$ cat run_3.csv   # CSV, C-alpha atoms and all ligand atoms
chain,number,residue,atom,x,y,z
A,1,MET,CA,-27.4,3.2,-7.1
A,2,THR,CA,-28.8,6.6,-7.0
A,3,GLU,CA,-28.5,7.3,-3.3
A,4,SER,CA,-26.1,10.2,-3.0
A,5,SER,CA,-24.7,8.6,0.2
A,6,VAL,CA,-23.1,5.9,-2.1
A,7,ILE,CA,-21.5,8.4,-4.4
A,8,ALA,CA,-19.5,11.4,-3.3
A,9,GLN,CA,-20.2,14.2,-5.7
A,10,ALA,CA,-21.8,17.2,-3.9
A,11,ASP,CA,-18.9,17.3,-1.5
A,12,LEU,CA,-16.4,17.4,-4.3
A,13,MET,CA,-17.9,20.6,-5.7
A,14,CYS,CA,-16.5,24.1,-5.0
A,15,THR,CA,-18.3,25.9,-2.2
A,16,ASN,CA,-17.2,29.2,-3.7
A,17,CYS,CA,-18.4,28.8,-7.3
A,18,ALA,CA,-20.1,25.4,-7.5
A,19,GLY,CA,-17.4,24.3,-10.0
A,20,GLN,CA,-15.8,20.8,-10.2
A,21,CYS,CA,-12.8,20.1,-7.9
A,22,GLU,CA,-9.9,17.7,-8.2
A,23,TYR,CA,-7.4,16.5,-5.7
A,24,SER,CA,-4.0,18.3,-6.1
A,25,PRO,CA,-0.9,16.2,-5.2
A,26,ARG,CA,1.1,19.4,-5.1
A,27,THR,CA,-1.0,21.1,-2.3
A,28,GLY,CA,-2.7,18.0,-0.8
A,29,ALA,CA,-6.0,20.0,-1.2
A,30,LEU,CA,-9.2,19.7,-3.2
A,31,THR,CA,-8.7,22.4,-5.9
A,32,CYS,CA,-11.5,24.0,-8.0
A,33,LYS,CA,-10.9,23.7,-11.7
A,34,SER,CA,-12.9,26.9,-12.3
A,35,CYS,CA,-11.8,29.4,-9.7
A,36,ALA,CA,-8.7,27.6,-8.3
A,37,THR,CA,-10.0,27.9,-4.7
A,38,GLU,CA,-8.3,25.3,-2.5
A,39,HIS,CA,-10.4,23.3,-0.1
A,40,VAL,CA,-8.6,21.6,2.8
A,41,ILE,CA,-9.5,17.9,3.0
A,42,THR,CA,-10.8,17.0,6.4
A,43,ILE,CA,-10.4,13.4,7.6
A,44,ASN,CA,-12.0,11.6,10.4
A,45,PRO,CA,-9.8,12.4,13.5
A,46,ASN,CA,-10.9,9.2,15.2
A,47,ALA,CA,-9.9,6.9,12.4
A,48,ASP,CA,-6.6,5.0,12.7
A,49,PRO,CA,-5.7,4.1,9.2
A,50,GLU,CA,-2.5,2.5,10.3
A,51,ALA,CA,-4.4,0.0,12.5
A,52,GLU,CA,-4.3,-3.6,11.4
A,53,HIS,CA,-7.2,-5.9,11.5
A,54,HIS,CA,-7.1,-9.4,13.0
A,55,TYR,CA,-7.9,-12.3,10.7
A,56,ASP,CA,-8.9,-15.7,12.1
A,57,PRO,CA,-8.4,-18.4,9.5
A,58,ASP,CA,-10.6,-20.8,11.6
A,59,LEU,CA,-13.7,-18.6,11.4
A,60,PRO,CA,-16.1,-18.9,8.4
A,61,HIS,CA,-15.5,-16.0,6.0
A,62,THR,CA,-18.4,-14.9,3.9
A,63,GLU,CA,-16.9,-11.6,2.8
A,64,GLN,CA,-17.1,-11.0,-1.0
A,65,PRO,CA,-16.1,-7.9,-3.0
A,66,LYS,CA,-19.2,-5.9,-3.8
A,67,PHE,CA,-20.3,-4.0,-6.9
A,68,THR,CA,-18.5,-5.9,-9.6
A,69,GLN,CA,-21.3,-5.3,-12.1
A,70,ASP,CA,-21.7,-2.1,-14.1
A,71,ARG,CA,-23.5,0.5,-11.9
A,72,PRO,CA,-25.3,3.4,-13.7
A,73,TYR,CA,-25.5,6.7,-11.8
A,74,GLN,CA,-27.2,10.0,-12.7
A,75,CYS,CA,-24.8,13.0,-12.4
A,76,GLU,CA,-26.1,15.5,-9.9
A,77,THR,CA,-24.6,18.4,-11.8
A,78,CYS,CA,-25.8,17.8,-15.4
A,79,GLY,CA,-28.2,14.8,-15.2
A,80,GLY,CA,-26.0,12.8,-17.6
A,81,GLU,CA,-25.6,9.0,-17.0
A,82,VAL,CA,-22.3,7.8,-15.6
A,83,ILE,CA,-21.4,4.1,-15.6
A,84,PHE,CA,-19.2,2.7,-12.9
A,85,GLN,CA,-17.7,-0.4,-14.5
A,86,GLY,CA,-16.4,-3.5,-12.8
A,87,HIS,CA,-14.0,-2.7,-10.0
A,88,SER,CA,-13.8,1.1,-10.7
A,89,ILE,CA,-14.6,3.3,-7.8
A,90,SER,CA,-13.7,6.7,-9.3
A,91,GLU,CA,-15.1,8.2,-12.5
A,92,ASN,CA,-15.5,11.5,-14.3
A,93,CYS,CA,-18.9,12.4,-15.8
A,94,PRO,CA,-18.5,12.1,-19.6
A,95,TYR,CA,-20.8,15.2,-20.1
A,96,CYS,CA,-19.6,17.7,-17.5
A,97,ASN,CA,-16.3,16.1,-16.5
A,98,GLY,CA,-17.3,16.3,-12.8
A,99,SER,CA,-15.6,13.9,-10.4
A,100,LEU,CA,-17.6,11.1,-8.9
A,101,VAL,CA,-16.3,8.7,-6.3
A,102,GLU,CA,-18.0,5.6,-4.8
A,103,ARG,CA,-17.9,5.4,-1.0
A,104,PRO,CA,-16.8,2.0,0.1
A,105,ASN,CA,-19.9,0.8,2.0
A,106,GLY,CA,-20.7,-2.6,3.3
A,107,GLU,CA,-18.6,-4.6,5.7
A,108,SER,CA,-16.1,-5.6,3.1
A,109,TYR,CA,-14.6,-2.2,2.9
A,110,VAL,CA,-14.8,-0.7,6.3
A,111,THR,CA,-11.1,-1.5,6.7
A,112,LEU,CA,-9.9,0.7,3.8
A,113,GLY,CA,-6.9,3.0,4.2
A,114,MET,CA,-4.9,4.8,1.6
A,115,ILE,CA,-1.9,7.0,0.9
A,116,PRO,CA,-2.8,9.9,-1.5
A,117,PHE,CA,-0.6,11.1,-4.4
A,118,SER,CA,2.3,13.3,-3.5
A,119,VAL,CA,3.8,13.2,-7.0
A,120,GLY,CA,1.9,15.4,-9.5
A,121,ASN,CA,1.1,14.9,-13.1
A,122,GLU,CA,3.9,17.1,-14.5
A,123,GLN,CA,6.6,15.6,-12.2
A,124,ALA,CA,5.5,12.1,-13.2
A,125,GLN,CA,5.4,12.9,-16.9
A,126,ASP,CA,9.0,14.3,-16.7
A,127,ALA,CA,10.2,11.3,-14.6
A,128,ALA,CA,8.7,8.8,-17.1
A,129,HIS,CA,10.2,10.5,-20.2
A,130,ASN,CA,13.6,11.0,-18.5
A,131,TRP,CA,13.6,7.4,-17.6
A,132,VAL,CA,13.1,6.4,-21.2
A,133,SER,CA,15.8,8.9,-22.5
A,134,ARG,CA,18.4,7.4,-20.1
A,135,ARG,CA,18.0,3.8,-21.3
A,136,TRP,CA,21.3,2.3,-22.6
A,137,ALA,CA,21.3,0.4,-26.0
A,138,ALA,CA,17.8,1.7,-26.7
A,139,PRO,CA,16.5,2.0,-30.3
A,140,SER,CA,17.2,5.5,-31.6
A,141,ASP,CA,13.5,6.1,-32.3
A,142,LEU,CA,12.4,5.1,-28.8
A,143,GLN,CA,12.1,8.7,-27.5
A,144,SER,CA,10.1,9.9,-30.4
A,145,VAL,CA,7.8,6.8,-30.1
A,146,VAL,CA,7.2,7.6,-26.4
A,147,SER,CA,7.1,11.4,-26.8
A,148,GLY,CA,3.3,11.5,-27.5
A,149,SER,CA,2.3,9.3,-24.6
A,150,ASN,CA,1.0,10.7,-21.3
A,151,VAL,CA,1.0,9.3,-17.8
A,152,SER,CA,-2.3,8.7,-16.1
A,153,GLY,CA,-2.8,8.4,-12.3
A,154,ILE,CA,-4.5,5.5,-10.7
A,155,TYR,CA,-5.0,4.2,-7.1
A,156,VAL,CA,-4.3,0.5,-7.1
A,157,PRO,CA,-5.5,-1.9,-4.4
A,158,PHE,CA,-3.1,-3.8,-2.1
A,159,TRP,CA,-3.2,-5.9,1.1
A,160,THR,CA,-0.6,-5.8,3.8
A,161,PHE,CA,-0.2,-9.0,5.9
A,162,ASP,CA,1.5,-9.7,9.2
A,163,SER,CA,1.9,-13.1,10.8
A,164,LYS,CA,3.9,-15.0,13.4
A,165,GLU,CA,5.4,-18.3,12.4
A,166,ALA,CA,6.7,-21.3,14.5
A,167,VAL,CA,8.6,-23.4,12.0
A,168,ASN,CA,9.9,-27.0,12.2
A,169,TYR,CA,12.3,-27.6,9.4
A,170,THR,CA,14.7,-30.0,7.7
A,171,VAL,CA,17.5,-29.0,5.4
A,172,ASN,CA,19.6,-31.1,3.1
A,173,TYR,CA,23.1,-29.7,2.5
A,174,LYS,CA,26.3,-30.5,0.8
A,175,VAL,CA,29.6,-31.1,2.6
A,176,THR,CA,32.9,-31.5,0.9
A,177,ARG,CA,35.2,-34.1,2.4
A,178,GLY,CA,38.6,-34.1,0.6
A,179,LYS,CA,37.6,-34.8,-3.0
A,180,LYS,CA,34.2,-36.1,-2.1
A,181,THR,CA,30.9,-34.3,-1.7
A,182,VAL,CA,28.4,-35.9,0.6
A,183,MET,CA,24.8,-35.0,1.5
A,184,ARG,CA,23.9,-34.3,5.1
A,185,THR,CA,20.5,-33.6,6.8
A,186,ASP,CA,19.8,-31.4,9.7
A,187,SER,CA,16.6,-30.2,11.4
A,188,GLY,CA,15.7,-27.3,13.6
A,189,PHE,CA,13.1,-25.0,15.0
A,190,MET,CA,12.7,-21.2,14.6
A,191,LYS,CA,10.2,-18.5,15.4
A,192,THR,CA,9.9,-15.7,12.9
A,193,GLU,CA,7.6,-12.9,12.0
A,194,PHE,CA,6.4,-11.1,8.9
A,195,ASP,CA,5.5,-7.4,9.0
A,196,ASP,CA,3.6,-5.6,6.2
A,197,LEU,CA,4.1,-8.0,3.3
A,198,LEU,CA,2.6,-6.0,0.4
A,199,MET,CA,0.3,-8.1,-1.8
A,200,PRO,CA,-1.5,-6.8,-4.9
A,201,ALA,CA,-5.3,-7.1,-4.8
A,202,SER,CA,-5.8,-6.7,-8.6
A,203,PRO,CA,-4.7,-8.8,-11.5
A,204,HIS,CA,-3.7,-5.5,-13.2
A,205,VAL,CA,-0.9,-4.9,-10.6
A,206,THR,CA,2.1,-6.5,-12.3
A,207,PRO,CA,5.3,-7.5,-10.4
A,208,LEU,CA,6.8,-4.3,-12.0
A,209,ILE,CA,4.3,-2.1,-10.3
A,210,ARG,CA,4.5,-4.0,-7.0
A,211,ASP,CA,8.3,-4.0,-6.8
A,212,GLY,CA,8.4,-0.2,-7.5
A,213,ILE,CA,5.9,0.6,-4.8
A,214,LEU,CA,7.5,-1.7,-2.3
A,215,HIS,CA,10.5,0.6,-1.9
A,216,GLU,CA,8.4,3.7,-1.1
A,217,PHE,CA,5.6,2.3,1.0
A,218,GLU,CA,5.7,3.5,4.6
A,219,PRO,CA,2.6,2.4,6.7
A,220,SER,CA,2.9,5.4,9.0
A,221,ASN,CA,1.8,7.6,6.0
A,222,LEU,CA,-1.5,5.8,5.7
A,223,ARG,CA,-4.7,7.8,6.0
A,224,PRO,CA,-8.4,6.9,6.3
A,225,PHE,CA,-10.1,6.5,2.9
A,226,GLU,CA,-11.5,9.8,1.8
A,227,PRO,CA,-13.3,10.3,-1.6
A,228,ALA,CA,-11.7,13.8,-2.0
A,229,TYR,CA,-8.2,12.2,-2.5
A,230,LEU,CA,-9.6,10.2,-5.5
A,231,ALA,CA,-11.3,13.1,-7.3
A,232,GLY,CA,-9.8,13.3,-10.8
A,233,PHE,CA,-8.0,10.0,-10.5
A,234,ALA,CA,-8.9,6.5,-11.6
A,235,ALA,CA,-9.2,4.0,-8.7
A,236,GLU,CA,-9.9,0.3,-8.4
A,237,ARG,CA,-11.4,-1.6,-5.5
A,238,HIS,CA,-10.0,-4.9,-4.2
A,239,HIS,CA,-10.7,-7.8,-6.5
A,240,GLN,CA,-10.8,-10.5,-3.9
A,241,PRO,CA,-11.7,-11.1,-0.3
A,242,VAL,CA,-9.0,-11.3,2.5
A,243,ARG,CA,-8.9,-15.1,2.5
A,244,GLU,CA,-8.1,-15.1,-1.2
A,245,GLY,CA,-5.5,-12.4,-0.8
A,246,LEU,CA,-3.8,-14.5,2.0
A,247,ARG,CA,-3.8,-17.5,-0.3
A,248,GLN,CA,-2.0,-15.6,-3.0
A,249,ASN,CA,0.4,-14.2,-0.5
A,250,ALA,CA,1.4,-17.8,0.6
A,251,LYS,CA,3.8,-18.2,-2.3
A,252,ASP,CA,5.7,-15.0,-1.5
A,253,LYS,CA,5.8,-16.0,2.2
A,254,ALA,CA,7.1,-19.5,1.3
A,255,LEU,CA,10.0,-18.0,-0.6
A,256,LEU,CA,10.9,-15.7,2.3
A,257,LEU,CA,10.6,-18.6,4.8
A,258,ARG,CA,12.9,-20.8,2.8
A,259,ASN,CA,15.6,-18.1,2.8
A,260,ARG,CA,15.2,-17.5,6.5
A,261,ILE,CA,15.4,-21.3,7.2
A,262,LYS,CA,18.6,-21.5,5.2
A,263,LYS,CA,20.1,-18.7,7.2
A,264,HIS,CA,18.8,-20.1,10.5
A,265,SER,CA,20.3,-23.5,9.8
A,266,GLY,CA,23.8,-22.0,9.6
A,267,LYS,CA,24.7,-24.5,6.8
A,268,ASN,CA,26.4,-23.5,3.6
A,269,SER,CA,25.4,-25.2,0.4
A,270,VAL,CA,21.8,-26.0,1.4
A,271,VAL,CA,20.1,-27.7,-1.6
A,272,ASP,CA,16.7,-28.6,-0.2
A,273,VAL,CA,14.4,-27.2,2.5
A,274,SER,CA,11.2,-28.7,3.9
A,275,TYR,CA,9.2,-27.3,6.7
A,276,LEU,CA,5.9,-27.2,8.6
A,277,THR,CA,4.8,-23.9,10.0
A,278,ASP,CA,2.2,-23.0,12.6
A,279,THR,CA,0.9,-19.6,11.6
A,280,THR,CA,-0.7,-17.3,14.2
A,281,GLY,CA,-1.5,-13.6,14.7
A,282,ILE,CA,-2.5,-12.9,11.1
A,283,LYS,CA,-3.3,-9.2,10.7
A,284,TYR,CA,-4.2,-7.3,7.5
A,285,ARG,CA,-4.9,-3.9,6.0
A,286,ARG,CA,-6.9,-3.2,2.9
A,287,ILE,CA,-5.3,-0.2,1.2
A,288,LEU,CA,-5.1,1.9,-2.0
A,289,LEU,CA,-1.7,3.2,-3.2
A,290,PRO,CA,-1.0,5.8,-6.0
A,291,VAL,CA,0.9,5.1,-9.3
A,292,TRP,CA,1.3,7.0,-12.5
A,293,ILE,CA,1.4,4.7,-15.6
A,294,LEU,CA,2.6,5.7,-19.1
A,295,HIS,CA,1.5,3.1,-21.7
A,296,TYR,CA,3.3,2.9,-25.1
A,297,GLU,CA,3.7,0.5,-27.9
A,298,TYR,CA,7.0,-0.4,-29.6
A,299,ASN,CA,6.8,-2.6,-32.8
A,300,GLY,CA,3.4,-3.8,-31.7
A,301,THR,CA,4.5,-4.8,-28.2
A,302,PRO,CA,2.6,-2.9,-25.4
A,303,MET,CA,5.0,-1.6,-22.7
A,304,LYS,CA,4.6,0.6,-19.7
A,305,VAL,CA,6.7,3.0,-17.6
A,306,VAL,CA,5.6,3.4,-14.0
A,307,THR,CA,6.2,6.3,-11.6
A,308,CYS,CA,5.3,5.7,-8.0
A,309,GLY,CA,2.9,8.4,-6.8
A,310,LEU,CA,4.5,8.4,-3.3
A,311,GLN,CA,8.0,9.7,-4.0
A,312,GLY,CA,8.5,9.4,-7.7
A,313,ARG,CA,10.6,6.2,-8.1
A,314,THR,CA,10.4,5.3,-11.8
A,315,PHE,CA,10.9,2.0,-13.5
A,316,GLY,CA,9.5,0.3,-16.6
A,317,GLU,CA,9.6,-1.9,-19.7
A,318,ARG,CA,11.8,-1.0,-22.7
A,319,PRO,CA,13.0,-2.4,-26.0
A,320,PHE,CA,16.7,-2.9,-26.9
A,321,SER,CA,18.4,-2.1,-30.2
A,322,SER,CA,19.9,-5.3,-31.5
A,323,VAL,CA,22.5,-3.2,-33.5
A,324,LYS,CA,23.6,-1.3,-30.4
A,325,LEU,CA,23.7,-4.6,-28.3
A,326,LEU,CA,25.9,-6.2,-31.0
A,327,ALA,CA,28.2,-3.1,-31.0
A,328,LEU,CA,28.5,-3.3,-27.2
A,329,ALA,CA,29.2,-7.0,-27.3
A,330,ALA,CA,32.0,-6.4,-29.9
A,331,LEU,CA,33.4,-3.6,-27.7
A,332,ALA,CA,33.3,-6.0,-24.7
A,333,SER,CA,35.1,-8.7,-26.5
A,334,CYS,CA,37.7,-6.1,-27.7
A,335,ALA,CA,38.2,-5.2,-24.0
A,336,VAL,CA,38.6,-8.9,-23.1
A,337,ALA,CA,41.1,-9.3,-25.9
A,338,ALA,CA,43.1,-6.2,-24.8
A,339,PHE,CA,43.0,-7.3,-21.2
A,340,GLY,CA,44.1,-10.8,-22.2
A,341,PHE,CA,47.0,-9.4,-24.2
A,342,VAL,CA,48.2,-7.3,-21.3
A,343,TRP,CA,47.7,-10.2,-18.8
A,344,GLY,CA,49.6,-12.5,-21.3
A,345,ALA,CA,52.4,-9.9,-21.6
A,346,TYR,CA,52.7,-9.8,-17.8
A,347,ASN,CA,52.9,-13.6,-17.8
A,348,ILE,CA,55.8,-13.6,-20.3
A,349,TYR,CA,58.0,-11.7,-17.8
B,401,ZN,ZN,-14.6,27.4,-7.6
B,402,ZN,ZN,-22.2,15.6,-15.3

$ encode --input "run_3.csv" --output "structure tokens"
Amino acid sequence: MTESSVIAQADLMCTNCAGQCEYSPRTGALTCKSCATEHVITINPNADPEAEHHYDPDLPHTEQPKFTQDRPYQCETCGGEVIFQGHSISENCPYCNGSLVERPNGESYVTLGMIPFSVGNEQAQDAAHNWVSRRWAAPSDLQSVVSGSNVSGIYVPFWTFDSKEAVNYTVNYKVTRGKKTVMRTDSGFMKTEFDDLLMPASPHVTPLIRDGILHEFEPSNLRPFEPAYLAGFAAERHHQPVREGLRQNAKDKALLLRNRIKKHSGKNSVVDVSYLTDTTGIKYRRILLPVWILHYEYNGTPMKVVTCGLQGRTFGERPFSSVKLLALAALASCAVAAFGFVWGAYNIY
């Protein structure tokens, strides 16, 4: 693991002063931390990062994620030892703070695309703290608890999946006849497609992070993987091969299929759906997407606020004040009582 071709470091250094550079979401350039020179990031003009890759479930798949063990690397700038741990593909040298990024090599990662950060550190920090300050019924000390916490930026791994489905289904539904409710069964056939289902490729990507990114993800903004975009940010490679990603995606797809079947059947009050689907045309992308995460702890419970690095949508976990919730509940029951009184008064006349 000492071949420089595996680690991008020399090309993340400033050609003006040999200082360390970091990617700047504000300018979209590689910026020198010493002399502030901005270096335009050049990407392979022949790459098509939006391209999807065909997957044939009937072929044997031997692909495995590579480099899951710790990998020591000698820093080219200061000679210090840098350890790439587990799934990390971007590190800073603990001695000289230089950025080092692993190049995805090997057949598992030739399909990698990404969208770089457009939301910067300060903007994300403000967004996360504003989000906390606007929470209703929050404990009064929440803001002061969070005030010392900072966001940190990470590229997280995702899959996108496409497929075509030919579905034979049966639905059981309720019909009301006079005062009686009876069960009926109907069956049908439909063709449907899925496009760019976003699937996390890391156990660290919680539903909270996924749902936030979902709203801002636009495949036409994808670019080819380029180490310069990762300089100064943490980044994780995919934890599982495509086959495993597809298997995990099956649950999401089943939920969507059931909803589409209910709609296609045209029946109200569907209580049960069963189906057999013939899946063809599976296509995938292996991508990295940017998020800012602020970790904090309230009364011993770890919580996080997430700002999407694409456009800044912010969402998170938060505690409630039981005193304020009780007060709100009391207020709500007062309102119900007042409304009931007026309604009652109307009824009298
Ligand atoms: Zn410089
Ligand atoms: Zn170093």

$ residues_near_point --input "run_3.csv" --point "(-9.3, -0.4, -8.8)" --cutoff "12 Å" --atoms "all atoms listed in the file" --output "mmCIF file with C-alpha atoms, in the frame of the given file"
data_model
loop_
_atom_site.group_PDB
_atom_site.id
_atom_site.type_symbol
_atom_site.label_atom_id
_atom_site.label_comp_id
_atom_site.auth_asym_id
_atom_site.auth_seq_id
_atom_site.Cartn_x
_atom_site.Cartn_y
_atom_site.Cartn_z
ATOM 1 C CA PRO A 65 -16.100 -7.900 -3.000
ATOM 2 C CA PHE A 67 -20.300 -4.000 -6.900
ATOM 3 C CA THR A 68 -18.500 -5.900 -9.600
ATOM 4 C CA PHE A 84 -19.200 2.700 -12.900
ATOM 5 C CA GLN A 85 -17.700 -0.400 -14.500
ATOM 6 C CA GLY A 86 -16.400 -3.500 -12.800
ATOM 7 C CA HIS A 87 -14.000 -2.700 -10.000
ATOM 8 C CA SER A 88 -13.800 1.100 -10.700
ATOM 9 C CA ILE A 89 -14.600 3.300 -7.800
ATOM 10 C CA SER A 90 -13.700 6.700 -9.300
ATOM 11 C CA GLU A 91 -15.100 8.200 -12.500
ATOM 12 C CA VAL A 101 -16.300 8.700 -6.300
ATOM 13 C CA GLU A 102 -18.000 5.600 -4.800
ATOM 14 C CA PRO A 104 -16.800 2.000 0.100
ATOM 15 C CA GLY A 153 -2.800 8.400 -12.300
ATOM 16 C CA ILE A 154 -4.500 5.500 -10.700
ATOM 17 C CA TYR A 155 -5.000 4.200 -7.100
ATOM 18 C CA VAL A 156 -4.300 0.500 -7.100
ATOM 19 C CA PRO A 157 -5.500 -1.900 -4.400
ATOM 20 C CA PHE A 158 -3.100 -3.800 -2.100
ATOM 21 C CA PRO A 200 -1.500 -6.800 -4.900
ATOM 22 C CA ALA A 201 -5.300 -7.100 -4.800
ATOM 23 C CA SER A 202 -5.800 -6.700 -8.600
ATOM 24 C CA PRO A 203 -4.700 -8.800 -11.500
ATOM 25 C CA HIS A 204 -3.700 -5.500 -13.200
ATOM 26 C CA VAL A 205 -0.900 -4.900 -10.600
ATOM 27 C CA LEU A 230 -9.600 10.200 -5.500
ATOM 28 C CA PHE A 233 -8.000 10.000 -10.500
ATOM 29 C CA ALA A 234 -8.900 6.500 -11.600
ATOM 30 C CA ALA A 235 -9.200 4.000 -8.700
ATOM 31 C CA GLU A 236 -9.900 0.300 -8.400
ATOM 32 C CA ARG A 237 -11.400 -1.600 -5.500
ATOM 33 C CA HIS A 238 -10.000 -4.900 -4.200
ATOM 34 C CA HIS A 239 -10.700 -7.800 -6.500
ATOM 35 C CA GLN A 240 -10.800 -10.500 -3.900
ATOM 36 C CA ILE A 287 -5.300 -0.200 1.200
ATOM 37 C CA LEU A 288 -5.100 1.900 -2.000
ATOM 38 C CA LEU A 289 -1.700 3.200 -3.200
ATOM 39 C CA PRO A 290 -1.000 5.800 -6.000
ATOM 40 C CA VAL A 291 0.900 5.100 -9.300
#

$ residues_near_ligand --input "run_3.csv" --ligand "ligand ZN 401 (chain B)" --cutoff "7 Å" --atoms "all atoms listed in the file" --output "PDB file with C-alpha atoms, in the frame of the given file"
ATOM      1  CA  CYS A  14     -16.500  24.100  -5.000  1.00  0.00           C
ATOM      2  CA  THR A  15     -18.300  25.900  -2.200  1.00  0.00           C
ATOM      3  CA  ASN A  16     -17.200  29.200  -3.700  1.00  0.00           C
ATOM      4  CA  CYS A  17     -18.400  28.800  -7.300  1.00  0.00           C
ATOM      5  CA  ALA A  18     -20.100  25.400  -7.500  1.00  0.00           C
ATOM      6  CA  GLY A  19     -17.400  24.300 -10.000  1.00  0.00           C
ATOM      7  CA  CYS A  32     -11.500  24.000  -8.000  1.00  0.00           C
ATOM      8  CA  LYS A  33     -10.900  23.700 -11.700  1.00  0.00           C
ATOM      9  CA  SER A  34     -12.900  26.900 -12.300  1.00  0.00           C
ATOM     10  CA  CYS A  35     -11.800  29.400  -9.700  1.00  0.00           C
ATOM     11  CA  ALA A  36      -8.700  27.600  -8.300  1.00  0.00           C
ATOM     12  CA  THR A  37     -10.000  27.900  -4.700  1.00  0.00           C
TER      13      THR A  37
END

$ residues_around --input "run_3.csv" --residues "stretch 220-223 of chain A" --least-positions-apart "2" --cutoff "9 Å" --atoms "all atoms listed in the file" --output "list in words"
Ile43, Ala47, Asp48, Pro49, Glu50, Gly113, Met114, Ile115, Pro116, Phe217, Glu218, Phe225, Glu226 and Ile287 of chain A

$ atom_distance --input "run_3.csv" --atom1 "atom CA of A:Asp272" --atom2 "atom CA of A:Arg243"
29.1 Å

$ residues_near_ligand --input "run_3.csv" --ligand "ligand ZN 402 (chain B)" --cutoff "7 Å" --atoms "all atoms listed in the file" --output "JSON, numbers by chain"
{"A": [75, 76, 77, 78, 79, 80, 93, 94, 95, 96, 97, 98]}

$ closest_residue --input "run_3.csv" --among "A:Gly120, A:Lys324, A:Gly178, A:Glu297" --to "A:Pro25" --atoms "all atoms listed in the file"
A:Gly120

$ atom_distance --input "run_3.csv" --atom1 "atom CA of A:Asn150" --atom2 "atom CA of A:His129"
9.3 Å

$ atom_distance --input "run_3.csv" --atom1 "atom CA of A:Leu198" --atom2 "atom CA of A:Phe161"
6.9 Å

$ closest_atom_pairs --input "run_3.csv" --of "stretch 130-241 of chain A" --to "stretch 306-315 of chain A" --cutoff "7 Å" --atoms "all atoms listed in the file" --output "JSON lines"
{"residue": "A:Trp131", "atom": "CA", "partner": "A:Thr314", "partner_atom": "CA", "distance": 6.9}
{"residue": "A:Ile209", "atom": "CA", "partner": "A:Val306", "partner_atom": "CA", "distance": 6.8}
{"residue": "A:Gly212", "atom": "CA", "partner": "A:Cys308", "partner_atom": "CA", "distance": 6.7}
{"residue": "A:Ile213", "atom": "CA", "partner": "A:Cys308", "partner_atom": "CA", "distance": 6.1}
{"residue": "A:Glu216", "atom": "CA", "partner": "A:Leu310", "partner_atom": "CA", "distance": 6.5}

$ residues_near_point --input "run_3.csv" --point "(0.3, -10.0, 10.3)" --cutoff "7 Å" --atoms "only C-alpha atoms" --output "list in words"
Phe161, Asp162, Ser163, Lys164, Phe194, Asp195, Asp196, Gly281, Ile282, Lys283 and Tyr284 of chain A

$ residues_around --input "run_3.csv" --residues "stretch 263-268 of chain A" --least-positions-apart "5" --cutoff "10 Å" --atoms "only C-alpha atoms" --output "PDB file with C-alpha atoms, keeping the file's coordinate frame"
ATOM      1  CA  TYR A 169      12.300 -27.600   9.400  1.00  0.00           C
ATOM      2  CA  THR A 170      14.700 -30.000   7.700  1.00  0.00           C
ATOM      3  CA  VAL A 171      17.500 -29.000   5.400  1.00  0.00           C
ATOM      4  CA  ASN A 172      19.600 -31.100   3.100  1.00  0.00           C
ATOM      5  CA  TYR A 173      23.100 -29.700   2.500  1.00  0.00           C
ATOM      6  CA  LYS A 174      26.300 -30.500   0.800  1.00  0.00           C
ATOM      7  CA  VAL A 175      29.600 -31.100   2.600  1.00  0.00           C
ATOM      8  CA  ARG A 184      23.900 -34.300   5.100  1.00  0.00           C
ATOM      9  CA  ASP A 186      19.800 -31.400   9.700  1.00  0.00           C
ATOM     10  CA  SER A 187      16.600 -30.200  11.400  1.00  0.00           C
ATOM     11  CA  GLY A 188      15.700 -27.300  13.600  1.00  0.00           C
ATOM     12  CA  PHE A 189      13.100 -25.000  15.000  1.00  0.00           C
ATOM     13  CA  MET A 190      12.700 -21.200  14.600  1.00  0.00           C
ATOM     14  CA  LEU A 257      10.600 -18.600   4.800  1.00  0.00           C
ATOM     15  CA  ARG A 258      12.900 -20.800   2.800  1.00  0.00           C
TER      16      ARG A 258
END

$ closest_residue --input "run_3.csv" --among "A:Val40, A:Val132, A:Ala166, A:Val305" --to "A:Trp292" --atoms "all atoms listed in the file"
A:Val305

$ axis_aligned_box --input "run_3.csv" --around "stretch 144-163 of chain A" --padding-each-side "5 Å" --output "AutoDock Vina command-line options"
--center_x 2.3 --center_y -0.8 --center_z -9.8 --size_x 25.6 --size_y 34.6 --size_z 51.2

$ build_atoms --input "run_3.csv" --residues "stretch 247-251 of chain A" --atoms "N, CA and C atoms" --output "CSV table (one decimal), in the coordinates of the input"
chain,number,residue,atom,x,y,z
A,247,ARG,N,-4.2,-16.3,0.5
A,247,ARG,CA,-3.8,-17.5,-0.3
A,247,ARG,C,-2.8,-17.2,-1.3
A,248,GLN,N,-3.0,-16.0,-2.0
A,248,GLN,CA,-2.0,-15.6,-3.0
A,248,GLN,C,-0.7,-15.2,-2.4
A,249,ASN,N,-0.8,-14.7,-1.2
A,249,ASN,CA,0.4,-14.2,-0.5
A,249,ASN,C,1.3,-15.4,0.0
A,250,ALA,N,0.7,-16.6,0.0
A,250,ALA,CA,1.4,-17.8,0.6
A,250,ALA,C,2.7,-18.1,-0.2
A,251,LYS,N,2.6,-17.9,-1.5
A,251,LYS,CA,3.8,-18.2,-2.3
A,251,LYS,C,5.0,-17.3,-2.0
